[in-house]
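*Asks:* Quick one: structure below, then a few questions.
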Amino acid sequence: MKKPFVIAIDGASSTGKSTLAKALAQALGFVYVDSGAMYRGVTLFAQQHGWLSPTHFDTETLITHLDDIQLTFNNNNLLLNGIDVSTEIRTMTVSNGVSQVAAVSAIRSFLVAQQRAIGAQHNVVMDGRDIGTVVFPNADVKLFLTADANIRAQRRYDELKGTDPSVTLDAILENITQRDHLDSTRADSPLVQATDAIAINAAEFSITTLQTHVLALVKKRMGI
Ligand code: DC
């Protein structure tokens with residue numbers, strides 16, 4: 001079998017990575033993997049079992065139960081042990097706990113192994129924080145998306161207010177700023193731009209322009 005083609009899209013939260021990744025996967029017939037959803041799934045599991053709260057994180061117990069966590073995707077929706085949790089993983093409760101969970105090396109290794117296994121089998125578009133640096137250092141195309149925190153917070157607010165009317169723009173901005181800090185300063189696989197990634201300020205383009213531009217670039221690299 002020909003080696004799968006891997007597109008890695010990294011960047012901070014709410015830069016539009018997943019919108020771009022989904023559109024590329026759809027246009028190219030690739031599998032889309034939202035690696036952030038996987039970290040969110042583990043976070044939800046820990047919270048459901050009482051191992052993670054705003055004041056307490058029982059890291060060791062979570063690590064010993066990692067094999068009880070089965071994460072799968074069905075039409076881009078995350079299933080946690082067979083149950084669709086795609087709405088629950090986007091709540092502020094999960095958003096506020098996820099960076100702590102994502103800083104734990106044993107959890108990262110557990111998820112990175114699964115992400116690599118998917119990329120070994122399928123042509124993929126995967127988005128996250130460490131896809132081009134750690135998960136697939138030899139990815140065929142690497143993009144690094146940036147955007148001003150206020151623009152990202154507004155974006156996330158517009159997405160969330162329908163499902164969670166109690167959410168405020170201020171709370172989202174605070175969560176985004178806090179996660180930017182935690183995700184970029186953690187010891188294991190911090191959010192950094194791969195040296196060979198193409199940096200894009202997503203706020204400078206409309207979604208359509210960005211998609212058209214990146215699709216053309218990918219097709220050129222694929223030779224199609
Ligand atoms: O993309 P997102 O906001 O849904 O990601 C949620 C969190 O998961 C993010 O704050 C950091 C973590 N994450 C990570 O550490 N590595 C990845 N590849 C993807 C996400």
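By convention in this document, the chains of the structure tokens carry letters A, B, ... by their order, each chain's residues are numbered from 1, and ligands are numbered from 1 in the order they are shown.
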Can you list, as a PyMOL selection string, all residues belonging to stretch 149-181 of chain A that DSSP tags as helix (DSSP H, G or I)?

*Replies:* chain A and resi 149-160+169-181

*Asks:* For the residues in that selection, give me C-alpha atoms as a CSV table (one decimal), in the first residue's frame.

*Replies:*
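As a result, part15.csv now contains:
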chain,number,residue,atom,x,y,z
A,149,ALA,CA,-7.4,35.9,21.2
A,150,ASN,CA,-10.4,38.3,21.1
A,151,ILE,CA,-11.4,37.1,17.6
A,152,ARG,CA,-11.0,33.5,18.7
A,153,ALA,CA,-13.1,34.0,21.8
A,154,GLN,CA,-15.9,35.6,19.8
A,155,ARG,CA,-15.8,32.7,17.4
A,156,ARG,CA,-16.1,30.1,20.2
A,157,TYR,CA,-18.9,32.2,21.9
A,158,ASP,CA,-20.9,32.2,18.7
A,159,GLU,CA,-20.5,28.4,18.4
A,160,LEU,CA,-21.4,27.7,22.1
A,169,LEU,CA,-17.7,36.0,26.2
A,170,ASP,CA,-15.5,37.0,29.2
A,171,ALA,CA,-15.5,33.4,30.5
A,172,ILE,CA,-14.5,32.1,27.1
A,173,LEU,CA,-11.8,34.7,26.6
A,174,GLU,CA,-10.4,33.8,30.1
A,175,ASN,CA,-10.5,30.1,29.3
A,176,ILE,CA,-8.7,30.6,25.9
A,177,THR,CA,-6.0,32.8,27.4
A,178,GLN,CA,-5.4,30.3,30.2
A,179,ARG,CA,-5.3,27.4,27.8
A,180,ASP,CA,-2.9,29.2,25.5
A,181,HIS,CA,-0.6,29.7,28.4

*Asks:* Using only C-alpha atoms and all ligand atoms, which residues have at least one atom no more than 7 Å from ligand 1? Output them as a short mmCIF file (atom, residue, chain, number, x, y, z; two decimals) with all heavy atoms, in the first residue's frame.

*Replies:*
data_model
loop_
_atom_site.label_atom_id
_atom_site.label_comp_id
_atom_site.auth_asym_id
_atom_site.auth_seq_id
_atom_site.Cartn_x
_atom_site.Cartn_y
_atom_site.Cartn_z
N SER A 13 -6.45 27.28 20.41
CA SER A 13 -7.88 26.96 20.31
C SER A 13 -8.64 28.02 19.52
O SER A 13 -8.29 29.20 19.54
CB SER A 13 -8.48 26.83 21.71
OG SER A 13 -8.32 28.04 22.38
N SER A 14 -9.66 27.55 18.81
CA SER A 14 -10.58 28.42 18.07
C SER A 14 -9.90 29.30 17.01
O SER A 14 -10.32 30.42 16.77
CB SER A 14 -11.38 29.30 19.03
OG SER A 14 -12.02 28.51 19.98
N SER A 35 -7.89 15.77 17.15
CA SER A 35 -7.15 15.21 18.29
C SER A 35 -7.53 15.91 19.59
O SER A 35 -7.49 15.31 20.66
CB SER A 35 -5.64 15.27 18.06
OG SER A 35 -5.19 16.59 18.08
N GLY A 36 -7.95 17.18 19.51
CA GLY A 36 -8.39 17.89 20.72
C GLY A 36 -9.61 17.21 21.32
O GLY A 36 -9.75 17.14 22.55
N ALA A 37 -10.48 16.67 20.46
CA ALA A 37 -11.68 15.97 20.96
C ALA A 37 -11.26 14.75 21.78
O ALA A 37 -11.91 14.40 22.77
CB ALA A 37 -12.57 15.55 19.79
N TYR A 39 -8.48 14.46 23.66
CA TYR A 39 -8.08 14.96 24.99
C TYR A 39 -9.32 15.37 25.79
O TYR A 39 -9.39 15.16 27.01
CB TYR A 39 -7.10 16.13 24.85
CG TYR A 39 -5.73 15.66 24.40
CD1 TYR A 39 -5.40 15.63 23.04
CD2 TYR A 39 -4.81 15.17 25.32
CE1 TYR A 39 -4.16 15.15 22.62
CE2 TYR A 39 -3.58 14.68 24.91
CZ TYR A 39 -3.26 14.67 23.56
OH TYR A 39 -2.05 14.18 23.15
N ARG A 40 -10.29 15.94 25.11
CA ARG A 40 -11.53 16.32 25.79
C ARG A 40 -12.29 15.07 26.26
O ARG A 40 -12.90 15.07 27.34
CB ARG A 40 -12.42 17.13 24.84
CG ARG A 40 -11.90 18.55 24.60
CD ARG A 40 -12.68 19.28 23.51
NE ARG A 40 -12.20 20.63 23.31
CZ ARG A 40 -12.61 21.69 23.99
NH1 ARG A 40 -13.59 21.56 24.89
NH2 ARG A 40 -12.11 22.88 23.78
N SER A 95 -13.72 22.25 28.96
CA SER A 95 -12.69 23.20 28.48
C SER A 95 -11.79 23.67 29.61
O SER A 95 -10.60 23.88 29.42
CB SER A 95 -13.35 24.42 27.82
OG SER A 95 -14.04 24.04 26.67
N VAL A 98 -9.33 20.52 30.53
CA VAL A 98 -8.60 19.73 29.52
C VAL A 98 -7.10 19.98 29.47
O VAL A 98 -6.32 19.06 29.23
CB VAL A 98 -9.27 19.88 28.12
CG1 VAL A 98 -9.14 21.28 27.57
CG2 VAL A 98 -8.71 18.87 27.12
N SER A 99 -6.66 21.21 29.72
CA SER A 99 -5.21 21.48 29.62
C SER A 99 -4.42 20.74 30.69
O SER A 99 -3.28 20.35 30.46
CB SER A 99 -4.93 22.99 29.68
OG SER A 99 -5.34 23.59 28.48
N ALA A 102 -4.16 17.24 29.41
CA ALA A 102 -3.28 17.16 28.24
C ALA A 102 -1.81 17.37 28.60
O ALA A 102 -0.93 17.12 27.78
CB ALA A 102 -3.70 18.20 27.21
N ALA A 103 -1.53 17.80 29.84
CA ALA A 103 -0.14 18.00 30.24
C ALA A 103 0.49 16.71 30.77
O ALA A 103 1.69 16.65 31.00
CB ALA A 103 -0.07 19.09 31.31
N ASP A 127 -6.00 17.66 13.24
CA ASP A 127 -5.69 18.96 13.84
C ASP A 127 -5.43 18.82 15.34
O ASP A 127 -5.87 17.86 15.97
CB ASP A 127 -6.76 20.02 13.52
CG ASP A 127 -8.10 19.77 14.17
OD1 ASP A 127 -8.19 18.96 15.09
OD2 ASP A 127 -9.08 20.42 13.75
N GLY A 128 -4.63 19.75 15.87
CA GLY A 128 -4.29 19.70 17.28
C GLY A 128 -3.26 20.72 17.65
O GLY A 128 -3.28 21.86 17.17
N ARG A 129 -2.34 20.32 18.57
CA ARG A 129 -1.30 21.23 19.04
C ARG A 129 0.09 20.71 18.67
O ARG A 129 1.03 21.49 18.55
CB ARG A 129 -1.36 21.36 20.57
CG ARG A 129 -2.70 21.82 21.13
CD ARG A 129 -2.96 23.27 20.76
NE ARG A 129 -4.16 23.79 21.42
CZ ARG A 129 -5.40 23.47 21.10
NH1 ARG A 129 -5.64 22.61 20.12
NH2 ARG A 129 -6.43 24.01 21.75
N ASP A 130 0.22 19.37 18.57
CA ASP A 130 1.54 18.76 18.39
C ASP A 130 1.56 17.81 17.20
O ASP A 130 2.38 16.89 17.15
CB ASP A 130 1.89 17.96 19.66
CG ASP A 130 0.89 16.83 19.91
OD1 ASP A 130 -0.24 16.89 19.37
OD2 ASP A 130 1.24 15.87 20.62
N ILE A 131 0.67 17.99 16.27
CA ILE A 131 0.56 17.01 15.17
C ILE A 131 1.78 17.08 14.26
O ILE A 131 2.36 16.05 13.91
CB ILE A 131 -0.76 17.20 14.37
CG1 ILE A 131 -1.98 17.24 15.33
CG2 ILE A 131 -0.93 16.07 13.35
CD1 ILE A 131 -2.12 16.07 16.26
N ARG A 179 -5.71 28.56 28.57
CA ARG A 179 -5.28 27.35 27.85
C ARG A 179 -4.09 27.65 26.94
O ARG A 179 -3.18 26.83 26.82
CB ARG A 179 -6.44 26.76 27.04
CG ARG A 179 -7.33 25.89 27.90
CD ARG A 179 -8.16 24.94 27.10
NE ARG A 179 -9.18 25.62 26.32
CZ ARG A 179 -9.52 25.25 25.10
NH1 ARG A 179 -8.95 24.24 24.50
NH2 ARG A 179 -10.47 25.90 24.46
N ASP A 183 -1.02 25.33 27.45
CA ASP A 183 -0.66 24.46 26.32
C ASP A 183 0.71 24.81 25.74
O ASP A 183 1.40 23.95 25.21
CB ASP A 183 -1.73 24.55 25.21
CG ASP A 183 -3.09 24.01 25.65
OD1 ASP A 183 -3.15 23.30 26.67
OD2 ASP A 183 -4.10 24.31 24.98
#

*Asks:* Go through A:Val125, A:Met38, A:Leu182, A:Ile198 one by one, measure the shortest atom-to-atom distance of each to A:Thr72 using only C-alpha atoms, and give the residue with the smallest value.

*Replies:*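 Between A:Val125, A:Met38, A:Leu182, A:Ile198, the residue approaching A:Thr72 most closely is A:Met38.
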
*Asks:* Please compute the atom CA of A:Lys219-atom CA of A:Ile118 distance, one decimal, in Å.

*Replies:*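 Rounded to one decimal, the two atoms are 21.3 Å apart.
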
*Asks:* I'd like the neighbourhood of A:Leu217 as number ranges by chain, where a residue qualifies if any of its atoms comes within 10 Å (using only C-alpha atoms), though same-chain residues fewer than 6 positions away should be ignored.

*Replies:* A: 141, 211, 223

*Asks:* I'd like the contact shell of A:Asn75 - 12 Å cut-off, only C-alpha atoms, skipping same-chain residues fewer than 5 positions apart - returned as a count of residues only.

*Replies:* 9

*Asks:* Determine the nearest neighbour of A:Gly16 from the options A:Gln121, A:Phe205, A:Leu79, A:Leu145, counting only C-alpha atoms.

*Replies:* A:Leu145

*Asks:* Can you tell me which residues surround A:Thr93 at a distance of at most 10 Å, considering only C-alpha atoms, apart from same-chain residues fewer than 3 positions away, and format the answer as a PyMOL selection string?

*Replies:* chain A and resi 43-44+47+53-54+88-90+96-98
